[in-house]
Amino acid sequence: MDMMQLRRLFAMFLFLQRVTGENVLIWPAEGSHWINLKPVIEELIERGHNVTVVVYSAALYINYSEPSPMKFVVFQVPFSPESYEDFLKESTAFWMYEKPYISYWAGYKRFSVIMANGIKLNRQICDGVLKNHELVQRLQESKFNVLLADPLHICGDLLAMKLGIPFIFTLRYSPGFAVERLCGQIPAPPSYVPATLSEFSDRMTFIERFQNVLYFLMYDWVCTQLWRDWDSYYSEALGEPTTFCETMGKAELWLIRTFWDFEFPRPLLPNFIFVGGLHCRPANPLPQELEEFVQSSGEHGVVVFSLGSMVKNLTAEKANLIAEALGQIPQKVLWSYAGEQPKALAPNTKLYKWLPQNDLLGHPKTKVFITHGGTNGIYEAIYHGVPLIGIPLFADQPDNMAHMKAKGAAMVLEFATLNTQDLVDALNTVINDPRYKENAVKLSQIQHDQPMRPLERAVFWIEFVMRHGGAKHLRPAAHSLSWYQYHCLDVVAFLCACLAAIIFAVRKCCMFCCRKFKHTRGKKNKSE
């Protein structure tokens with residue numbers, strides 16, 4: 001067979017792959033979650049699959065109007081993008097500027113109001129799909145093979161159940177691992193598995209283990225209370241009695257957006273797959289203007305500073321104290337910032353509304369990355385071996401930075417109490433102490449030393465579910481057990497009953513023998 005025939009066969013193989021591609025439905029979430037999901041979608045399309053994204057009309061970060069190889073199905077919701085953006089700003093402002101300065105109970109009440117508003121918006125998103133019978137019918141006719149859902153936005157599992165197709169979750173984690181533990185049945189011993197958002201490591205003192213147990217109990221109680229509001233909704237949507245947690249637990253796979261370079265070792269189930277860093281890639285050359293600025297730093301190198309996609313600006317006071325600190329280091333600084341230029345901005349610092357973050361972190365002159373602690377940014381830093389200074393703001397960010405601090409690759413500063421000197425000291429420490437760079441490089445080596453790239457692993461398991469119509473053989477039997485059966489409380493109760501029966505029988509025998517002995521001895525005394 002000559003080379004020309006081989007080329008033809010290869011072309012035919014590629015063509016057959018594309019025409020036999022499967023239909024994939026996506027239920028996405030906003031912000032960094034969408035950024036993390038896009039590489040998976042692009043890889044699925046590259047492999048010849050047809051990808052459809054179901055998105056609501058008020059989406060802020062999912063641009064469904066631009067030309068794209070993926071197909072968007074847009075459904076209407078009763079709120080506008082502006083009102084949704086206001087809700088996100090309100091939530092962010094609470095964590096950044098309100099919560100640190102009010103009492104615990106005042107913060108809890110305020111957070112409860114924000115949560116109630118978030119649930120209301122999520123209900124309206126669910127209604128926009130599930131009560132649109134024409135849309136559901138159109139999706140049924142499309143014959144999808146699998147649904148990939150981000151559970152940050154509830155109802156992806158409901159849509160999959162309505163369409164009669166298997167579904168997969170992609171997530172970082174839920175508070176206290178409540179969804180994973182109570183719905184996915186993953187074990188999490190509190191003795192060495194820190195509750196999410198606790199900011200503990202896997203090496204806890206007695207007091208921390210005590211607090212960790214309380215965290216798990218608190219998260220379980222709070223989450224089950226929230227889920228009760230959804231139980232009736234789920235039952236009504238499916239037309240049969242069910243619960244939120246029962247339906248969530250029917251996920252075929254859980255794609256977890258972390259890996260062992262970041263996570264502490266803990267028990268896993270076979271349907272939990274770690275795919276952290278799937279969006280990471282080698283650095284591309286920088287645009288000429290950026291490259292010239294980076295090269296102008298000389299031997300001192302550059303600092304990259306970004307607080308993520310949701311925080312575009314700061315108060316004037318915070319912006320100025322940060323700008324003043326950045327002006328006191330010899331490095332050049334690239335700051336992703338869309339707010340008003342701080343008055344204290346130094347000549348060594350340049351502001352950009354957007355930065356090619358991955359390409360900058362992969363540049364050999366980058367010395368440190370100042371970050372809010374989002375998972376995507378952390379993994380880009382791990383991928384390129386760049387140490388971190390964390391200024392966590394909300395959600396999983398404090399916990400993420402606690403992990404990186406425990407790994408020896410980061411320093412963490414409190415946003416509420418941040419001052420100029422603290423930031424200067426942190427920058428000088430991380431840049432000049434070689435241990436931070438060495439630990440970051442060690443994590444990078446672990447990230448790269450995998451038999452399969454995280455993106456390939458994620459797509460492999462999605463295709464696996466499509467090939468086999470699910471992955472029921474990977475789901476543990478725990479899903480069919482009640483809570484007392486799962487913890488073997490019925491077995492403990494039976495053993496306790498057996499032990500009590502034995503003790504009772506032995507006691508009765510002893511009493512009988514004692515009475516018999518006393519009776520015999522009494523007769524003997526009388527005869528004497």
# chains A, B, ... in the order shown; residues from 1 in each chain; ligands from 1
>>> residues_around(residues="stretch 361-363 of chain A", least_positions_apart="2", cutoff="8 Å", atoms="only C-alpha atoms", output="JSON, numbers by chain")
{"A": [282, 283, 304, 357, 358, 359, 365, 366, 369, 380, 381, 384, 386]}
>>> residues_around(residues="stretch 426-430 of chain A", least_positions_apart="2", cutoff="10 Å", atoms="only C-alpha atoms", output="MDAnalysis selection string")
chainID A and resid 303 325:326 328:331 367:370 387:390 409:413 421:424 432:437
>>> write_last_selection(atoms="C-alpha atoms", output="PDB file, in the first residue's frame")
ATOM      1  CA  VAL A 303       4.481  40.591  38.541  1.00  0.00           C
ATOM      2  CA  ALA A 325       2.690  48.881  47.328  1.00  0.00           C
ATOM      3  CA  LEU A 326       3.315  47.843  43.727  1.00  0.00           C
ATOM      4  CA  GLN A 328       7.792  49.993  45.942  1.00  0.00           C
ATOM      5  CA  ILE A 329       9.139  46.871  44.226  1.00  0.00           C
ATOM      6  CA  PRO A 330      11.776  46.767  41.455  1.00  0.00           C
ATOM      7  CA  GLN A 331       9.682  44.483  39.243  1.00  0.00           C
ATOM      8  CA  LYS A 367       8.151  36.073  39.172  1.00  0.00           C
ATOM      9  CA  VAL A 368       4.828  35.938  41.038  1.00  0.00           C
ATOM     10  CA  PHE A 369       1.093  35.980  40.405  1.00  0.00           C
ATOM     11  CA  ILE A 370      -1.146  38.082  42.675  1.00  0.00           C
ATOM     12  CA  PRO A 387       4.305  31.084  43.045  1.00  0.00           C
ATOM     13  CA  LEU A 388       1.301  33.010  44.303  1.00  0.00           C
ATOM     14  CA  ILE A 389       0.180  35.811  46.569  1.00  0.00           C
ATOM     15  CA  GLY A 390      -3.483  35.280  47.340  1.00  0.00           C
ATOM     16  CA  ALA A 409       3.665  27.766  47.031  1.00  0.00           C
ATOM     17  CA  ALA A 410       1.769  30.844  48.249  1.00  0.00           C
ATOM     18  CA  MET A 411       1.309  33.557  50.830  1.00  0.00           C
ATOM     19  CA  VAL A 412      -2.197  34.707  51.737  1.00  0.00           C
ATOM     20  CA  LEU A 413      -3.358  38.232  52.658  1.00  0.00           C
ATOM     21  CA  GLN A 421       3.357  47.304  53.865  1.00  0.00           C
ATOM     22  CA  ASP A 422       1.798  43.809  54.080  1.00  0.00           C
ATOM     23  CA  LEU A 423       1.648  43.579  50.309  1.00  0.00           C
ATOM     24  CA  VAL A 424       5.221  44.866  49.895  1.00  0.00           C
ATOM     25  CA  ASN A 432      13.269  36.418  47.038  1.00  0.00           C
ATOM     26  CA  ASP A 433      12.669  33.206  49.010  1.00  0.00           C
ATOM     27  CA  PRO A 434      13.514  30.359  46.557  1.00  0.00           C
ATOM     28  CA  ARG A 435      11.333  27.851  48.459  1.00  0.00           C
ATOM     29  CA  TYR A 436       8.137  29.315  47.023  1.00  0.00           C
ATOM     30  CA  LYS A 437       9.376  28.935  43.456  1.00  0.00           C
TER      31      LYS A 437
END
>>> closest_residue(among="A:Leu286, A:Ala471, A:Cys280, A:Ile168", to="A:Ser444", atoms="only C-alpha atoms")
A:Cys280
>>> closest_residue(among="A:Pro267, A:Ser80, A:Leu152, A:Phe167", to="A:Tyr192", atoms="only C-alpha atoms")
A:Pro267
>>> residues_around(residues="A:Leu148", least_positions_apart="3", cutoff="12 Å", atoms="only C-alpha atoms", output="PDB file with N, CA and C atoms, in the first residue's frame")
ATOM      1  N   ASN A  23     -24.453  13.464  19.807  1.00  0.00           N
ATOM      2  CA  ASN A  23     -25.059  14.746  20.148  1.00  0.00           C
ATOM      3  C   ASN A  23     -24.917  14.993  21.655  1.00  0.00           C
ATOM      4  N   VAL A  24     -24.268  16.085  22.005  1.00  0.00           N
ATOM      5  CA  VAL A  24     -23.985  16.428  23.401  1.00  0.00           C
ATOM      6  C   VAL A  24     -24.733  17.703  23.757  1.00  0.00           C
ATOM      7  N   LEU A  25     -25.420  17.668  24.888  1.00  0.00           N
ATOM      8  CA  LEU A  25     -26.148  18.836  25.381  1.00  0.00           C
ATOM      9  C   LEU A  25     -25.409  19.401  26.597  1.00  0.00           C
ATOM     10  N   ILE A  26     -25.270  20.725  26.638  1.00  0.00           N
ATOM     11  CA  ILE A  26     -24.527  21.396  27.706  1.00  0.00           C
ATOM     12  C   ILE A  26     -25.463  22.281  28.518  1.00  0.00           C
ATOM     13  N   TRP A  27     -25.389  22.132  29.847  1.00  0.00           N
ATOM     14  CA  TRP A  27     -26.108  23.018  30.773  1.00  0.00           C
ATOM     15  C   TRP A  27     -25.034  23.785  31.545  1.00  0.00           C
ATOM     16  N   PRO A  28     -24.675  24.998  31.117  1.00  0.00           N
ATOM     17  CA  PRO A  28     -23.501  25.680  31.660  1.00  0.00           C
ATOM     18  C   PRO A  28     -23.826  26.578  32.845  1.00  0.00           C
ATOM     19  N   ALA A  29     -22.773  27.103  33.461  1.00  0.00           N
ATOM     20  CA  ALA A  29     -22.881  28.157  34.476  1.00  0.00           C
ATOM     21  C   ALA A  29     -22.046  29.342  34.001  1.00  0.00           C
ATOM     22  N   LEU A  37     -15.356  25.324  31.042  1.00  0.00           N
ATOM     23  CA  LEU A  37     -16.124  24.355  30.253  1.00  0.00           C
ATOM     24  C   LEU A  37     -15.836  24.467  28.756  1.00  0.00           C
ATOM     25  N   LYS A  38     -15.467  25.664  28.306  1.00  0.00           N
ATOM     26  CA  LYS A  38     -15.262  25.875  26.871  1.00  0.00           C
ATOM     27  C   LYS A  38     -14.216  24.950  26.248  1.00  0.00           C
ATOM     28  N   VAL A  40     -13.529  21.910  26.987  1.00  0.00           N
ATOM     29  CA  VAL A  40     -14.160  20.598  26.836  1.00  0.00           C
ATOM     30  C   VAL A  40     -15.065  20.601  25.606  1.00  0.00           C
ATOM     31  N   ILE A  41     -15.853  21.669  25.463  1.00  0.00           N
ATOM     32  CA  ILE A  41     -16.754  21.783  24.309  1.00  0.00           C
ATOM     33  C   ILE A  41     -15.959  21.810  23.012  1.00  0.00           C
ATOM     34  N   LEU A  44     -14.653  18.368  22.198  1.00  0.00           N
ATOM     35  CA  LEU A  44     -15.732  17.501  21.708  1.00  0.00           C
ATOM     36  C   LEU A  44     -16.057  17.808  20.250  1.00  0.00           C
ATOM     37  N   VAL A  51     -22.378  19.679  19.429  1.00  0.00           N
ATOM     38  CA  VAL A  51     -22.559  20.228  20.771  1.00  0.00           C
ATOM     39  C   VAL A  51     -23.599  21.339  20.747  1.00  0.00           C
ATOM     40  N   THR A  52     -24.589  21.219  21.638  1.00  0.00           N
ATOM     41  CA  THR A  52     -25.636  22.229  21.787  1.00  0.00           C
ATOM     42  C   THR A  52     -25.612  22.757  23.211  1.00  0.00           C
ATOM     43  N   VAL A  53     -25.591  24.073  23.343  1.00  0.00           N
ATOM     44  CA  VAL A  53     -25.557  24.719  24.654  1.00  0.00           C
ATOM     45  C   VAL A  53     -26.914  25.366  24.915  1.00  0.00           C
ATOM     46  N   VAL A  54     -27.551  24.959  26.022  1.00  0.00           N
ATOM     47  CA  VAL A  54     -28.822  25.558  26.429  1.00  0.00           C
ATOM     48  C   VAL A  54     -28.499  26.729  27.351  1.00  0.00           C
ATOM     49  N   PHE A 144     -30.313  13.591  21.927  1.00  0.00           N
ATOM     50  CA  PHE A 144     -29.013  13.777  22.569  1.00  0.00           C
ATOM     51  C   PHE A 144     -28.583  12.491  23.262  1.00  0.00           C
ATOM     52  N   ASN A 145     -27.272  12.293  23.342  1.00  0.00           N
ATOM     53  CA  ASN A 145     -26.720  11.089  23.958  1.00  0.00           C
ATOM     54  C   ASN A 145     -26.290  11.295  25.404  1.00  0.00           C
ATOM     55  N   PRO A 151     -23.523  22.013  38.166  1.00  0.00           N
ATOM     56  CA  PRO A 151     -24.577  22.096  39.185  1.00  0.00           C
ATOM     57  C   PRO A 151     -24.644  23.429  39.917  1.00  0.00           C
ATOM     58  N   CYS A 155     -30.874  22.297  37.966  1.00  0.00           N
ATOM     59  CA  CYS A 155     -31.884  21.832  37.001  1.00  0.00           C
ATOM     60  C   CYS A 155     -31.309  21.159  35.764  1.00  0.00           C
ATOM     61  N   GLY A 156     -29.989  21.120  35.627  1.00  0.00           N
ATOM     62  CA  GLY A 156     -29.418  20.357  34.515  1.00  0.00           C
ATOM     63  C   GLY A 156     -29.793  18.889  34.613  1.00  0.00           C
ATOM     64  N   ASP A 157     -29.793  18.353  35.855  1.00  0.00           N
ATOM     65  CA  ASP A 157     -30.173  16.960  36.055  1.00  0.00           C
ATOM     66  C   ASP A 157     -31.644  16.734  35.721  1.00  0.00           C
ATOM     67  N   LEU A 159     -33.436  18.416  33.517  1.00  0.00           N
ATOM     68  CA  LEU A 159     -33.575  18.442  32.061  1.00  0.00           C
ATOM     69  C   LEU A 159     -33.154  17.105  31.463  1.00  0.00           C
ATOM     70  N   ALA A 160     -32.063  16.533  31.970  1.00  0.00           N
ATOM     71  CA  ALA A 160     -31.609  15.230  31.482  1.00  0.00           C
ATOM     72  C   ALA A 160     -32.646  14.146  31.754  1.00  0.00           C
ATOM     73  N   ILE A 165     -31.923  10.972  29.141  1.00  0.00           N
ATOM     74  CA  ILE A 165     -30.528  10.740  28.751  1.00  0.00           C
ATOM     75  C   ILE A 165     -29.640  10.777  30.003  1.00  0.00           C
ATOM     76  N   PRO A 166     -28.483  10.093  29.954  1.00  0.00           N
ATOM     77  CA  PRO A 166     -27.563  10.145  31.103  1.00  0.00           C
ATOM     78  C   PRO A 166     -26.955  11.537  31.235  1.00  0.00           C
ATOM     79  N   PHE A 167     -26.556  11.890  32.460  1.00  0.00           N
ATOM     80  CA  PHE A 167     -25.954  13.204  32.658  1.00  0.00           C
ATOM     81  C   PHE A 167     -24.701  13.098  33.508  1.00  0.00           C
ATOM     82  N   ILE A 168     -23.827  14.067  33.293  1.00  0.00           N
ATOM     83  CA  ILE A 168     -22.530  14.150  33.974  1.00  0.00           C
ATOM     84  C   ILE A 168     -22.424  15.526  34.605  1.00  0.00           C
ATOM     85  N   PHE A 169     -21.885  15.591  35.822  1.00  0.00           N
ATOM     86  CA  PHE A 169     -21.658  16.874  36.483  1.00  0.00           C
ATOM     87  C   PHE A 169     -20.195  17.288  36.329  1.00  0.00           C
ATOM     88  N   THR A 170     -19.971  18.573  36.154  1.00  0.00           N
ATOM     89  CA  THR A 170     -18.630  19.140  36.209  1.00  0.00           C
ATOM     90  C   THR A 170     -18.634  20.233  37.261  1.00  0.00           C
ATOM     91  N   LEU A 171     -17.768  20.117  38.281  1.00  0.00           N
ATOM     92  CA  LEU A 171     -17.811  21.053  39.399  1.00  0.00           C
ATOM     93  C   LEU A 171     -16.467  21.117  40.108  1.00  0.00           C
ATOM     94  N   ALA A 251     -26.328  11.077  38.772  1.00  0.00           N
ATOM     95  CA  ALA A 251     -25.277  11.446  37.818  1.00  0.00           C
ATOM     96  C   ALA A 251     -24.388  10.238  37.522  1.00  0.00           C
ATOM     97  N   GLU A 252     -24.070  10.045  36.260  1.00  0.00           N
ATOM     98  CA  GLU A 252     -23.217   8.922  35.875  1.00  0.00           C
ATOM     99  C   GLU A 252     -21.781   9.147  36.346  1.00  0.00           C
ATOM    100  N   LEU A 253     -21.302  10.380  36.143  1.00  0.00           N
ATOM    101  CA  LEU A 253     -19.934  10.735  36.516  1.00  0.00           C
ATOM    102  C   LEU A 253     -19.914  12.121  37.138  1.00  0.00           C
ATOM    103  N   TRP A 254     -18.881  12.359  37.944  1.00  0.00           N
ATOM    104  CA  TRP A 254     -18.626  13.679  38.521  1.00  0.00           C
ATOM    105  C   TRP A 254     -17.220  14.083  38.107  1.00  0.00           C
ATOM    106  N   LEU A 255     -17.108  15.060  37.222  1.00  0.00           N
ATOM    107  CA  LEU A 255     -15.800  15.564  36.795  1.00  0.00           C
ATOM    108  C   LEU A 255     -15.393  16.690  37.742  1.00  0.00           C
ATOM    109  N   ALA A 458     -11.121  14.120  30.592  1.00  0.00           N
ATOM    110  CA  ALA A 458     -12.506  14.577  30.711  1.00  0.00           C
ATOM    111  C   ALA A 458     -13.325  14.139  29.495  1.00  0.00           C
ATOM    112  N   VAL A 459     -12.771  14.356  28.315  1.00  0.00           N
ATOM    113  CA  VAL A 459     -13.504  14.013  27.090  1.00  0.00           C
ATOM    114  C   VAL A 459     -13.622  12.501  26.932  1.00  0.00           C
ATOM    115  N   TRP A 461     -14.034  10.285  29.282  1.00  0.00           N
ATOM    116  CA  TRP A 461     -15.114   9.774  30.126  1.00  0.00           C
ATOM    117  C   TRP A 461     -16.479  10.235  29.639  1.00  0.00           C
ATOM    118  N   ILE A 462     -16.546  11.408  29.041  1.00  0.00           N
ATOM    119  CA  ILE A 462     -17.812  11.840  28.432  1.00  0.00           C
ATOM    120  C   ILE A 462     -18.175  10.901  27.282  1.00  0.00           C
ATOM    121  N   GLU A 463     -17.188  10.592  26.444  1.00  0.00           N
ATOM    122  CA  GLU A 463     -17.423   9.661  25.332  1.00  0.00           C
ATOM    123  C   GLU A 463     -17.711   8.260  25.849  1.00  0.00           C
ATOM    124  N   VAL A 465     -19.370   7.456  28.548  1.00  0.00           N
ATOM    125  CA  VAL A 465     -20.788   7.434  28.921  1.00  0.00           C
ATOM    126  C   VAL A 465     -21.664   7.339  27.675  1.00  0.00           C
ATOM    127  N   MET A 466     -21.274   8.046  26.607  1.00  0.00           N
ATOM    128  CA  MET A 466     -22.062   7.988  25.369  1.00  0.00           C
ATOM    129  C   MET A 466     -21.962   6.613  24.722  1.00  0.00           C
TER     130      MET A 466
END
>>> select_by_dssp(residues="stretch 89-333 of chain A", states="strand (DSSP E)", output="list in words")
Val146, Leu147, Leu148, Ala149, Phe167, Ile168, Phe169, Thr170, Leu171, Leu253, Trp254, Leu255, Ile256, Phe272, Ile273, Phe274, Val302, Val303, Val304, Phe305, Ser306, Lys332 and Val333 of chain A
>>> residues_around(residues="stretch 134-136 of chain A", least_positions_apart="4", cutoff="10 Å", atoms="only C-alpha atoms", output="ChimeraX atom specification")
/A:73-75,128-130,140-142,159,162-163
>>> residues_around(residues="stretch 414-420 of chain A", least_positions_apart="6", cutoff="9 Å", atoms="only C-alpha atoms", output="list in words")
Met96, Tyr97, Pro100, Tyr101, Lys318, Asn320, Leu321, Ile322, Ala323, Glu324, Ala325, Leu326, Gly390, Ile391, Pro392 and Leu393 of chain A
>>> closest_residue(among="A:Val492, A:Leu307, A:Leu158, A:Ala316", to="A:Ser336", atoms="only C-alpha atoms")
A:Leu307
>>> closest_residue(among="A:His473, A:Cys183, A:Cys513, A:Val302", to="A:Asn348", atoms="only C-alpha atoms")
A:Val302
>>> atom_distance(atom1="atom CA of A:Gln485", atom2="atom CA of A:Ile256")
27.3 Å
>>> residues_around(residues="A:Met218", least_positions_apart="6", cutoff="12 Å", atoms="only C-alpha atoms", output="list in words")
Pro175, Gly176, Phe177, Ala178, Ala195, Thr196, Leu197, Ser198, Gln211, Asn212, Thr224 and Gln225 of chain A
>>> closest_residue(among="A:Ala338, A:Leu360, A:Ala406, A:Val441", to="A:Gly385", atoms="only C-alpha atoms")
A:Val441
>>> residues_around(residues="A:His448", least_positions_apart="2", cutoff="12 Å", atoms="only C-alpha atoms", output="PyMOL selection string")
chain A and resi 259-261+276-278+280-282+379-380+382-385+441-446+450-454
